[in-house]
$ cat protein-v5.tsv   # TSV, C-alpha atoms
chain	number	residue	atom	x	y	z
A	1	MET	CA	15.25	1.92	-15.11
A	2	SER	CA	14.65	-0.17	-12.05
A	3	GLY	CA	15.68	-3.71	-11.17
A	4	ALA	CA	18.99	-5.49	-11.39
A	5	ARG	CA	20.36	-6.58	-14.74
A	6	ARG	CA	20.89	-10.29	-14.25
A	7	THR	CA	22.54	-11.21	-17.52
A	8	THR	CA	26.15	-10.06	-17.40
A	9	TYR	CA	27.77	-12.27	-20.06
A	10	ASP	CA	28.12	-11.57	-23.76
A	11	ALA	CA	24.94	-13.22	-25.03
A	12	ARG	CA	26.37	-13.48	-28.54
A	13	GLY	CA	29.10	-15.75	-27.26
A	14	LEU	CA	31.63	-14.28	-29.65
A	15	ALA	CA	34.48	-13.97	-27.19
A	16	GLU	CA	35.03	-16.60	-24.53
A	17	PRO	CA	38.75	-16.65	-23.90
A	18	HIS	CA	38.65	-18.92	-20.86
A	19	ALA	CA	39.27	-22.40	-22.31
A	20	GLU	CA	40.08	-24.09	-19.04
A	21	VAL	CA	37.67	-26.46	-17.37
A	22	PRO	CA	36.23	-24.62	-14.35
A	23	LYS	CA	36.02	-27.84	-12.23
A	24	VAL	CA	33.35	-26.36	-9.99
A	25	SER	CA	31.08	-29.41	-9.73
A	26	ASP	CA	29.87	-30.98	-6.54
A	27	ILE	CA	30.62	-34.65	-7.08
A	28	ASP	CA	28.77	-37.28	-5.11
A	29	GLY	CA	29.79	-40.75	-6.21
A	30	ALA	CA	28.37	-41.42	-9.65
A	31	ALA	CA	26.50	-38.09	-9.84
A	32	ALA	CA	27.56	-34.47	-10.10
A	33	SER	CA	25.97	-31.03	-10.21
A	34	PHE	CA	27.17	-27.51	-10.78
A	35	ASP	CA	25.80	-23.97	-10.77
A	36	ALA	CA	26.18	-22.33	-14.18
A	37	THR	CA	25.18	-18.82	-13.13
A	38	GLU	CA	28.67	-17.37	-13.39
A	39	LEU	CA	29.90	-19.61	-16.23
A	40	THR	CA	30.03	-18.84	-19.94
A	41	THR	CA	28.71	-21.21	-22.59
A	42	ARG	CA	32.20	-22.49	-23.27
A	43	GLN	CA	32.88	-23.12	-19.60
A	44	ILE	CA	29.60	-24.97	-19.12
A	45	ASN	CA	30.32	-27.24	-22.09
A	46	LEU	CA	33.90	-27.85	-20.93
A	47	GLU	CA	32.67	-28.75	-17.46
A	48	LEU	CA	30.14	-31.17	-18.94
A	49	ARG	CA	32.75	-32.90	-21.10
A	50	TRP	CA	35.20	-33.12	-18.24
A	51	LEU	CA	32.58	-34.85	-16.09
A	52	LEU	CA	31.33	-37.18	-18.82
A	53	TYR	CA	34.49	-38.15	-20.66
A	54	GLU	CA	37.29	-37.79	-18.13
A	55	LEU	CA	35.65	-38.55	-14.78
A	56	ARG	CA	33.03	-40.84	-16.38
A	57	ILE	CA	30.26	-39.39	-14.24
A	58	LEU	CA	27.13	-40.09	-16.22
A	59	ASP	CA	24.47	-38.36	-14.09
A	60	VAL	CA	24.87	-34.59	-14.17
A	61	THR	CA	22.64	-31.71	-13.04
A	62	VAL	CA	23.27	-28.20	-14.38
A	63	ARG	CA	21.63	-25.54	-12.22
A	64	ASN	CA	20.75	-22.07	-13.50
A	65	PRO	CA	21.85	-22.38	-17.14
A	66	GLY	CA	20.46	-18.85	-17.55
A	67	ALA	CA	19.08	-19.30	-21.09
A	68	LYS	CA	22.61	-19.22	-22.47
A	69	HIS	CA	22.98	-20.38	-26.06
A	70	SER	CA	24.55	-23.56	-27.48
A	71	ILE	CA	24.58	-25.42	-24.18
A	72	GLY	CA	25.12	-29.18	-24.06
A	73	VAL	CA	25.92	-29.68	-27.74
A	74	GLY	CA	27.88	-32.59	-29.17
A	75	ILE	CA	27.40	-34.97	-26.25
A	76	LEU	CA	28.08	-38.41	-27.75
A	77	GLN	CA	27.64	-40.53	-24.65
A	78	ARG	CA	24.90	-42.49	-22.90
A	79	CYS	CA	24.24	-40.39	-19.78
A	80	ARG	CA	21.58	-38.46	-17.89
A	81	ILE	CA	21.69	-34.65	-17.80
A	82	ARG	CA	19.18	-32.44	-16.04
A	83	TYR	CA	19.08	-28.69	-16.72
A	84	GLU	CA	17.30	-26.83	-13.94
A	85	GLY	CA	16.25	-23.70	-15.80
A	86	SER	CA	16.00	-22.57	-19.41
A	87	LEU	CA	18.30	-22.81	-22.42
A	88	GLY	CA	18.84	-20.30	-25.22
A	89	TYR	CA	19.11	-21.11	-28.89
A	90	PHE	CA	20.77	-24.18	-30.45
A	91	GLY	CA	20.82	-26.07	-27.15
A	92	LEU	CA	21.41	-29.84	-27.06
A	93	GLY	CA	22.36	-30.03	-30.75
A	94	LEU	CA	24.25	-32.90	-32.37
A	95	ILE	CA	23.74	-35.25	-29.42
A	96	ASP	CA	24.01	-39.02	-29.70
A	97	GLY	CA	22.86	-41.01	-26.70
A	98	PRO	CA	22.02	-38.76	-23.71
A	99	GLU	CA	18.74	-38.74	-21.81
A	100	ILE	CA	18.07	-35.10	-20.96
A	101	THR	CA	15.47	-33.14	-19.02
A	102	VAL	CA	15.09	-29.35	-19.20
A	103	THR	CA	12.82	-27.97	-16.49
A	104	GLY	CA	12.35	-24.60	-18.20
A	105	ARG	CA	11.98	-23.34	-21.76
A	106	VAL	CA	14.33	-23.57	-24.73
A	107	GLY	CA	15.07	-21.18	-27.60
A	108	TRP	CA	15.07	-21.94	-31.27
A	109	SER	CA	16.66	-25.01	-32.89
A	110	VAL	CA	16.80	-27.18	-29.80
A	111	CYS	CA	18.13	-30.67	-30.59
A	112	GLU	CA	19.22	-29.65	-34.07
A	113	ASN	CA	20.63	-32.74	-35.82
A	114	MET	CA	20.00	-34.95	-32.78
A	115	MET	CA	21.17	-38.49	-33.58
A	116	SER	CA	19.74	-40.51	-30.69
A	117	GLY	CA	18.65	-40.18	-27.08
A	118	VAL	CA	15.70	-38.75	-25.22
A	119	VAL	CA	15.09	-35.05	-24.55
A	120	VAL	CA	12.17	-33.84	-22.44
A	121	ILE	CA	11.42	-30.09	-22.30
A	122	GLU	CA	8.98	-29.35	-19.51
A	123	LYS	CA	7.80	-25.95	-20.87
A	124	ASN	CA	7.78	-24.28	-24.30
A	125	ALA	CA	10.28	-24.40	-27.17
A	126	GLY	CA	11.02	-21.82	-29.87
A	127	SER	CA	11.03	-22.18	-33.64
A	128	LEU	CA	12.87	-24.89	-35.56
A	129	THR	CA	12.54	-27.39	-32.72
A	130	GLY	CA	14.23	-30.63	-33.76
A	131	ALA	CA	15.59	-29.16	-37.01
A	132	ALA	CA	17.24	-31.83	-39.16
A	133	MET	CA	16.75	-34.32	-36.34
A	134	ARG	CA	17.84	-37.85	-37.25
A	135	GLY	CA	16.80	-40.09	-34.38
A	136	GLY	CA	15.60	-40.39	-30.81
A	137	ASP	CA	12.66	-38.83	-28.96
A	138	LEU	CA	12.15	-35.10	-28.38
A	139	VAL	CA	9.23	-34.31	-26.07
A	140	VAL	CA	8.06	-30.73	-25.51
A	141	HIS	CA	5.32	-30.53	-22.91
A	142	GLY	CA	4.44	-26.95	-23.85
A	143	SER	CA	3.98	-25.34	-27.25
A	144	VAL	CA	6.50	-24.86	-30.06
A	145	GLY	CA	7.13	-22.13	-32.62
A	146	ALA	CA	7.31	-22.28	-36.40
A	147	ARG	CA	8.92	-24.94	-38.59
A	148	THR	CA	9.14	-27.68	-36.00
A	149	GLY	CA	11.10	-30.60	-37.41
A	150	ILE	CA	12.19	-28.74	-40.53
A	151	ASP	CA	14.17	-31.18	-42.68
A	152	GLN	CA	13.57	-33.90	-40.06
A	153	LYS	CA	15.25	-37.14	-41.14
A	154	GLY	CA	14.17	-39.44	-38.33
A	155	GLY	CA	13.12	-39.68	-34.72
A	156	THR	CA	9.92	-38.68	-32.96
A	157	ILE	CA	8.90	-35.16	-31.92
A	158	ILE	CA	6.05	-34.96	-29.42
A	159	VAL	CA	4.42	-31.61	-28.64
A	160	GLY	CA	2.00	-31.30	-25.74
A	161	GLY	CA	0.65	-27.91	-26.83
A	162	ASP	CA	0.30	-26.07	-30.12
A	163	ALA	CA	2.69	-25.85	-33.07
A	164	GLY	CA	3.24	-22.83	-35.32
A	165	THR	CA	3.34	-22.23	-39.04
A	166	MET	CA	5.07	-24.56	-41.51
A	167	THR	CA	5.38	-27.42	-39.06
A	168	ALA	CA	7.29	-30.37	-40.57
A	169	PHE	CA	8.45	-28.24	-43.51
A	170	MET	CA	10.47	-30.45	-45.87
A	171	MET	CA	10.23	-33.37	-43.46
A	172	GLN	CA	11.99	-36.40	-44.92
A	173	ARG	CA	11.41	-39.12	-42.36
A	174	GLY	CA	10.36	-39.69	-38.75
A	175	ARG	CA	7.26	-38.87	-36.78
A	176	GLN	CA	5.59	-35.86	-35.18
A	177	ILE	CA	2.82	-36.18	-32.58
A	178	ILE	CA	1.12	-32.86	-31.81
A	179	LEU	CA	-1.56	-32.78	-29.16
A	180	GLY	CA	-2.72	-29.20	-29.76
A	181	ASP	CA	-3.52	-27.06	-32.79
A	182	VAL	CA	-1.21	-26.48	-35.74
A	183	GLY	CA	-0.74	-23.30	-37.80
A	184	PRO	CA	-0.87	-22.93	-41.59
A	185	GLY	CA	1.24	-24.94	-44.03
A	186	LEU	CA	1.50	-28.23	-42.13
A	187	GLY	CA	3.89	-30.64	-43.83
A	188	ASP	CA	4.71	-28.29	-46.69
A	189	SER	CA	6.98	-30.01	-49.25
A	190	MET	CA	7.46	-33.04	-47.03
A	191	TYR	CA	9.06	-36.10	-48.62
A	192	ASP	CA	8.04	-38.78	-46.12
A	193	GLY	CA	7.25	-39.40	-42.46
A	194	GLN	CA	4.07	-39.26	-40.43
A	195	ILE	CA	2.44	-36.34	-38.65
A	196	TYR	CA	-0.28	-36.93	-36.05
A	197	VAL	CA	-2.39	-33.97	-34.91
A	198	ALA	CA	-5.04	-34.08	-32.18
A	199	GLY	CA	-6.18	-30.44	-32.52
A	200	SER	CA	-7.15	-28.34	-35.50
A	201	VAL	CA	-4.99	-27.73	-38.55
A	202	LYS	CA	-5.12	-24.22	-39.98
A	203	SER	CA	-4.14	-25.46	-43.45
A	204	LEU	CA	-2.07	-28.15	-45.13
A	205	GLY	CA	1.10	-27.31	-47.02
A	206	ILE	CA	1.92	-28.38	-50.56
A	207	ASP	CA	1.71	-32.15	-51.07
A	208	CYS	CA	0.67	-32.92	-47.48
A	209	VAL	CA	-2.41	-35.13	-47.39
A	210	GLU	CA	-4.44	-37.05	-44.87
A	211	GLY	CA	-3.07	-40.58	-44.38
A	212	GLU	CA	-4.67	-43.93	-43.72
A	213	TRP	CA	-4.59	-44.99	-40.07
A	214	THR	CA	-3.05	-48.40	-39.37
A	215	ASP	CA	-2.46	-50.63	-36.35
A	216	ALA	CA	1.18	-49.53	-36.39
A	217	ASP	CA	0.02	-45.94	-35.80
A	218	THR	CA	-2.05	-46.99	-32.80
A	219	GLU	CA	0.86	-48.97	-31.38
A	220	LEU	CA	3.24	-46.02	-31.80
A	221	ILE	CA	0.90	-43.48	-30.19
A	222	GLU	CA	0.01	-45.72	-27.26
A	223	ARG	CA	3.66	-46.64	-26.63
A	224	LYS	CA	4.90	-43.05	-26.64
A	225	PHE	CA	2.03	-41.88	-24.42
A	226	ARG	CA	2.81	-44.68	-21.96
A	227	ILE	CA	6.57	-44.00	-21.90
A	228	TYR	CA	6.18	-40.25	-21.36
A	229	GLY	CA	3.19	-40.38	-19.02
A	230	LEU	CA	0.91	-38.41	-21.31
A	231	GLY	CA	-2.29	-40.11	-20.21
A	232	THR	CA	-4.93	-41.51	-22.51
A	233	PRO	CA	-4.30	-40.64	-26.17
A	234	PRO	CA	-6.96	-38.47	-27.80
A	235	ALA	CA	-8.18	-39.05	-31.34
A	236	PHE	CA	-5.57	-38.05	-33.92
A	237	GLN	CA	-5.60	-37.19	-37.59
A	238	LYS	CA	-2.68	-38.57	-39.55
A	239	PHE	CA	-0.92	-36.68	-42.33
A	240	VAL	CA	1.61	-37.96	-44.82
A	241	CYS	CA	3.25	-36.95	-48.07
A	242	GLY	CA	1.02	-37.16	-51.13
A	243	LYS	CA	4.12	-37.86	-53.24
A	244	MET	CA	2.81	-35.81	-56.14
A	245	LEU	CA	6.10	-33.90	-56.17
A	246	TYR	CA	8.11	-36.99	-55.36
A	247	ASN	CA	10.15	-37.59	-58.51
A	248	TYR	CA	12.05	-35.28	-60.74
A	249	ASP	CA	10.91	-37.58	-63.52
A	250	ASN	CA	7.50	-35.97	-63.20
A	251	LEU	CA	8.70	-32.88	-65.04
A	252	GLU	CA	6.39	-31.60	-67.72
A	253	PRO	CA	7.35	-32.89	-71.19
A	254	SER	CA	8.34	-29.41	-72.34
A	255	GLU	CA	10.63	-29.05	-69.34
A	256	LYS	CA	12.14	-32.47	-70.04
A	257	LYS	CA	12.85	-31.43	-73.58
A	258	LEU	CA	14.68	-28.36	-72.34
A	259	VAL	CA	16.74	-30.47	-69.96
A	260	ILE	CA	17.65	-33.00	-72.64
B	1	MET	CA	47.22	-49.22	-61.43
B	2	ASN	CA	46.89	-52.31	-59.25
B	3	GLU	CA	45.97	-50.42	-56.11
B	4	PRO	CA	42.57	-51.38	-54.69
B	5	HIS	CA	39.93	-48.72	-55.07
B	6	LEU	CA	36.26	-48.32	-54.30
B	7	SER	CA	33.76	-49.26	-56.95
B	8	THR	CA	31.96	-46.35	-58.55
B	9	LYS	CA	28.24	-46.47	-57.88
B	10	ILE	CA	25.74	-44.45	-55.87
B	11	GLY	CA	25.67	-46.67	-52.78
B	12	ILE	CA	28.79	-47.26	-50.71
B	13	ASP	CA	29.45	-50.81	-49.49
B	14	ALA	CA	30.53	-51.21	-45.84
B	15	GLU	CA	32.64	-54.23	-46.83
B	16	GLU	CA	34.62	-52.18	-49.29
B	17	LEU	CA	35.29	-49.49	-46.71
B	18	ALA	CA	36.35	-51.98	-44.06
B	19	GLY	CA	38.26	-54.13	-46.52
B	20	ARG	CA	36.56	-57.37	-45.53
B	21	ARG	CA	33.27	-59.14	-44.90
B	22	PHE	CA	32.25	-59.88	-41.31
B	23	PRO	CA	30.99	-63.23	-39.98
B	24	TYR	CA	27.71	-61.77	-38.68
B	25	GLN	CA	26.77	-60.85	-42.25
B	26	GLU	CA	26.59	-64.55	-43.06
B	27	ASP	CA	25.46	-66.22	-39.83
B	28	ILE	CA	22.23	-65.27	-38.07
B	29	SER	CA	23.26	-67.10	-34.90
B	30	LEU	CA	25.93	-64.45	-34.28
B	31	VAL	CA	23.34	-61.68	-33.91
B	32	GLU	CA	20.47	-63.47	-32.18
B	33	ASP	CA	21.63	-62.46	-28.69
B	34	VAL	CA	22.01	-58.74	-29.47
B	35	ASP	CA	19.78	-56.90	-26.96
B	36	LEU	CA	18.46	-53.87	-28.83
B	37	ASP	CA	16.60	-52.36	-25.86
B	38	THR	CA	19.72	-52.37	-23.69
B	39	LEU	CA	21.87	-50.86	-26.42
B	40	THR	CA	19.60	-47.89	-27.07
B	41	PRO	CA	18.62	-44.93	-24.86
B	42	GLY	CA	15.16	-44.63	-23.36
B	43	GLN	CA	12.46	-47.23	-22.92
B	44	ASP	CA	12.04	-48.39	-26.51
B	45	LEU	CA	14.18	-48.79	-29.62
B	46	ASN	CA	14.82	-45.04	-29.85
B	47	TRP	CA	16.88	-44.25	-32.98
B	48	LEU	CA	16.65	-47.82	-34.24
B	49	GLU	CA	12.96	-47.20	-34.90
B	50	ASP	CA	14.09	-45.55	-38.12
B	51	VAL	CA	16.35	-48.43	-39.14
B	52	THR	CA	14.70	-50.96	-41.47
B	53	LEU	CA	15.78	-53.73	-43.80
B	54	LEU	CA	16.68	-52.38	-47.23
B	55	GLN	CA	18.00	-53.76	-50.50
B	56	GLU	CA	21.34	-52.88	-52.09
B	57	ASP	CA	22.60	-54.44	-55.31
B	58	GLY	CA	19.69	-56.89	-55.04
B	59	VAL	CA	20.88	-58.09	-51.62
B	60	ALA	CA	19.30	-57.51	-48.22
B	61	ALA	CA	21.15	-54.70	-46.46
B	62	VAL	CA	21.02	-52.26	-43.58
B	63	PHE	CA	22.26	-48.67	-43.77
B	64	ASP	CA	25.08	-47.67	-41.42
B	65	ARG	CA	24.72	-43.92	-40.94
B	66	TYR	CA	28.08	-43.75	-39.16
B	67	SER	CA	29.94	-44.66	-42.34
B	68	ASN	CA	27.26	-43.66	-44.87
B	69	SER	CA	27.36	-47.17	-46.32
B	70	PHE	CA	25.24	-50.28	-46.80
B	71	LEU	CA	26.03	-53.39	-44.78
B	72	LYS	CA	24.80	-56.41	-46.73
B	73	ILE	CA	23.15	-59.41	-45.08
B	74	TYR	CA	23.72	-62.75	-46.81
B	75	PHE	CA	21.78	-65.22	-44.67
B	76	ASP	CA	18.09	-66.01	-45.04
B	77	ILE	CA	16.03	-63.74	-42.80
B	78	PRO	CA	12.99	-65.36	-41.15
B	79	GLY	CA	9.68	-63.87	-42.26
B	80	GLY	CA	8.31	-61.18	-39.98
B	81	ARG	CA	11.72	-60.44	-38.44
B	82	GLU	CA	13.20	-58.36	-41.26
B	83	ASP	CA	13.66	-55.07	-39.41
B	84	GLU	CA	14.67	-56.75	-36.16
B	85	ILE	CA	17.46	-58.70	-37.85
B	86	ALA	CA	18.60	-55.64	-39.79
B	87	ARG	CA	18.88	-53.70	-36.51
B	88	LYS	CA	20.76	-56.53	-34.81
B	89	VAL	CA	23.29	-56.86	-37.62
B	90	LEU	CA	23.85	-53.09	-37.58
B	91	MET	CA	24.34	-52.97	-33.82
B	92	LYS	CA	26.73	-55.91	-33.93
B	93	HIS	CA	28.71	-54.02	-36.57
B	94	LEU	CA	28.81	-50.89	-34.40
B	95	ILE	CA	29.56	-52.37	-30.98
B	96	GLU	CA	32.42	-54.42	-32.40
B	97	GLY	CA	33.95	-51.25	-33.80
B	98	ASN	CA	33.85	-52.43	-37.40
B	99	SER	CA	32.03	-49.44	-38.86
B	100	TYR	CA	34.48	-47.43	-40.95
B	101	GLY	CA	33.27	-44.25	-39.26
B	102	ILE	CA	34.34	-45.70	-35.91
B	103	GLN	CA	37.67	-46.90	-37.27
B	104	LEU	CA	38.49	-43.33	-38.29
B	105	LYS	CA	37.82	-41.88	-34.85
B	106	ALA	CA	41.13	-42.72	-33.17
B	107	LYS	CA	43.03	-40.66	-35.73
B	108	HIS	CA	40.56	-38.02	-36.79
B	109	ALA	CA	38.14	-37.25	-33.90
B	110	LYS	CA	38.56	-33.57	-33.05
B	111	PHE	CA	36.95	-33.56	-29.61
B	112	PRO	CA	36.51	-36.15	-26.85
B	113	GLN	CA	34.01	-38.92	-27.47
B	114	PRO	CA	33.63	-42.66	-26.81
B	115	GLU	CA	35.45	-44.57	-29.53
B	116	LEU	CA	32.73	-47.19	-29.95
B	117	GLY	CA	29.90	-44.67	-29.71
B	118	PRO	CA	27.25	-44.40	-27.02
B	119	TRP	CA	26.35	-48.10	-27.15
B	120	VAL	CA	29.31	-49.68	-25.39
B	121	GLU	CA	29.71	-48.90	-21.71
B	122	GLY	CA	33.24	-47.93	-20.72
B	123	SER	CA	34.43	-47.45	-24.29
B	124	GLU	CA	37.77	-45.67	-24.54
B	125	THR	CA	37.64	-41.91	-24.99
B	126	VAL	CA	39.29	-40.65	-28.18
B	127	GLY	CA	39.73	-37.19	-29.62
B	128	THR	CA	41.48	-35.69	-26.60
B	129	ASP	CA	44.73	-34.80	-28.34
B	130	TRP	CA	43.85	-34.01	-31.94
B	131	THR	CA	46.17	-31.68	-33.80
B	132	PRO	CA	45.75	-30.44	-37.36
B	133	PRO	CA	47.74	-32.51	-39.87
B	134	VAL	CA	50.76	-30.79	-41.38
B	135	LEU	CA	51.80	-31.40	-44.96
B	136	GLU	CA	55.53	-32.04	-45.15
B	137	GLY	CA	57.37	-29.26	-46.89
B	138	TRP	CA	54.37	-26.94	-46.89
B	139	GLU	CA	54.72	-23.42	-45.62
B	140	ARG	CA	52.02	-20.94	-44.88
B	141	PRO	CA	51.87	-18.33	-47.70
B	142	ALA	CA	53.18	-14.91	-46.86
B	143	GLY	CA	50.50	-12.69	-45.42
B	144	HIS	CA	48.48	-15.55	-43.87

$ encode --input "protein-v5.tsv" --output "structure tokens"
Amino acid sequence: MSGARRTTYDARGLAEPHAEVPKVSDIDGAAASFDATELTTRQINLELRWLLYELRILDVTVRNPGAKHSIGVGILQRCRIRYEGSLGYFGLGLIDGPEITVTGRVGWSVCENMMSGVVVIEKNAGSLTGAAMRGGDLVVHGSVGARTGIDQKGGTIIVGGDAGTMTAFMMQRGRQIILGDVGPGLGDSMYDGQIYVAGSVKSLGIDCVEGEWTDADTELIERKFRIYGLGTPPAFQKFVCGKMLYNYDNLEPSEKKLVI
Amino acid sequence: MNEPHLSTKIGIDAEELAGRRFPYQEDISLVEDVDLDTLTPGQDLNWLEDVTLLQEDGVAAVFDRYSNSFLKIYFDIPGGREDEIARKVLMKHLIEGNSYGIQLKAKHAKFPQPELGPWVEGSETVGTDWTPPVLEGWERPAGH
């Protein structure tokens, strides 16, 4: 076996006994940066919180995050964070307010339960991107895996490339703008929200139907393309919930009788 | 049983949680100067894009996700400005720290965060010294 093994930490993150803030950042006025190569997930998150909440430095660059998992979660502060590298799974979850750039890729469930803010991923993202997201903008310039925006309750997910199977599964609210192709089962069991697809759709999921285009759709697409420098918008198809499964009151009479 | 208690219905009323009604629920002039773009991240309304004017108990209302309750609006809302006014009333409620979810933070936040949320610059940090509550007279069972 040739080559150096670069990852030396416990990738499962089960044991991180060092609960002290490393305080390794280079601080330059209102901005700070630190190299995360030798830090564990816990140390990276402690360093971030120390900078943001104690020193009130609201412009932070994290170099070499090394695809570690659960980085940058629970940041409830207006700030700018730049990750120079890739993140592992469940990165940037539960955030409320930050404006974040990731120059590399991210693993599954990025921005899970995101409340507000802006996250821009410059390359690809794994499955479950924006799971249970509630608000804000999540922009992935590359492609995403399966079940993007599963249980999405708000916010806008923009995908520059393709999206996998069961995209927008059980989506409840919000918007998805996908510039590439989408796999089978788009919008399966969705309750509400809008999905815009510029490429081909392998197949629609249960109760996902083509929607009527309105001026509000044009305004949304043009605004998001302008903000994120995506160029001239292509033609999109819009998909919404058919609402055939919308109410439990729609039970068959025999089923109702059983319930009563 | 004269103690005040919450009414029993599906929706929770922000006034009941806070124990009072707020002036900006009754006077549109108190929310007109709320700058929604400045208060939200990014270059547009961001999370407020999903906030719209709703109805609760037959009254105009906006949903406060930070206390899981409806904040009612009692003044007449000009036509065509329904969602804008709903967003402004909500943001006024949040930045003034009147949301019940915000009021609980000082005592119950388990990790550091701005007390007034991400909308108010320089808001005090709370949650730095949380310790689990201890029930007086309670002892850990043997073997635990």

$ residues_around --input "protein-v5.tsv" --residues "stretch 134-141 of chain A" --least-positions-apart "4" --cutoff "8 Å" --atoms "all atoms listed in the file" --output "ChimeraX atom specification"
/A:111,113-125,130,152-161,174 /B:46-48,50

$ interface_residues --input "protein-v5.tsv" --of "chain B" --to "chain A" --cutoff "12 Å" --atoms "all atoms listed in the file" --output "PyMOL selection string"
chain B and resi 38-52+65-66+109-128

$ residues_near_point --input "protein-v5.tsv" --point "(-0.4, -36.0, -30.9)" --cutoff "6 Å" --atoms "all atoms listed in the file" --output "PDB file with C-alpha atoms, keeping the file's coordinate frame"
ATOM      1  CA  ILE A 177       2.820 -36.180 -32.580  1.00  0.00           C
ATOM      2  CA  ILE A 178       1.120 -32.860 -31.810  1.00  0.00           C
ATOM      3  CA  LEU A 179      -1.560 -32.780 -29.160  1.00  0.00           C
ATOM      4  CA  TYR A 196      -0.280 -36.930 -36.050  1.00  0.00           C
ATOM      5  CA  VAL A 197      -2.390 -33.970 -34.910  1.00  0.00           C
ATOM      6  CA  ALA A 198      -5.040 -34.080 -32.180  1.00  0.00           C
TER       7      ALA A 198
END

$ residues_around --input "protein-v5.tsv" --residues "stretch 90-102 of chain B" --least-positions-apart "2" --cutoff "9 Å" --atoms "all atoms listed in the file" --output "ChimeraX atom specification"
/B:14,17-18,22,24,30-31,34,36,39,51,62-69,71,85-88,104-106,115-117,119-120

$ atom_distance --input "protein-v5.tsv" --atom1 "atom CA of A:Val102" --atom2 "atom CA of A:Gly72"
11.1 Å

$ atom_distance --input "protein-v5.tsv" --atom1 "atom CA of A:Leu245" --atom2 "atom CA of A:Met133"
22.5 Å

$ closest_residue --input "protein-v5.tsv" --among "A:Asp207, A:Asp217, A:Asp181, A:Asp59" --to "A:Ile27" --atoms "all atoms listed in the file"
A:Asp59

$ atom_distance --input "protein-v5.tsv" --atom1 "atom CA of A:Val110" --atom2 "atom CA of A:Leu128"
7.3 Å

$ closest_residue --input "protein-v5.tsv" --among "B:Glu32, B:Trp130, B:Lys107, B:Glu56" --to "B:Arg81" --atoms "only C-alpha atoms"
B:Glu32

$ closest_residue --input "protein-v5.tsv" --among "A:Thr41, A:Thr61, A:Ser200, A:Thr103" --to "A:Tyr89" --atoms "only C-alpha atoms"
A:Thr41

$ residues_around --input "protein-v5.tsv" --residues "A:Ala19" --least-positions-apart "2" --cutoff "12 Å" --atoms "all atoms listed in the file" --output "ChimeraX atom specification"
/A:15-17,21-23,39-47
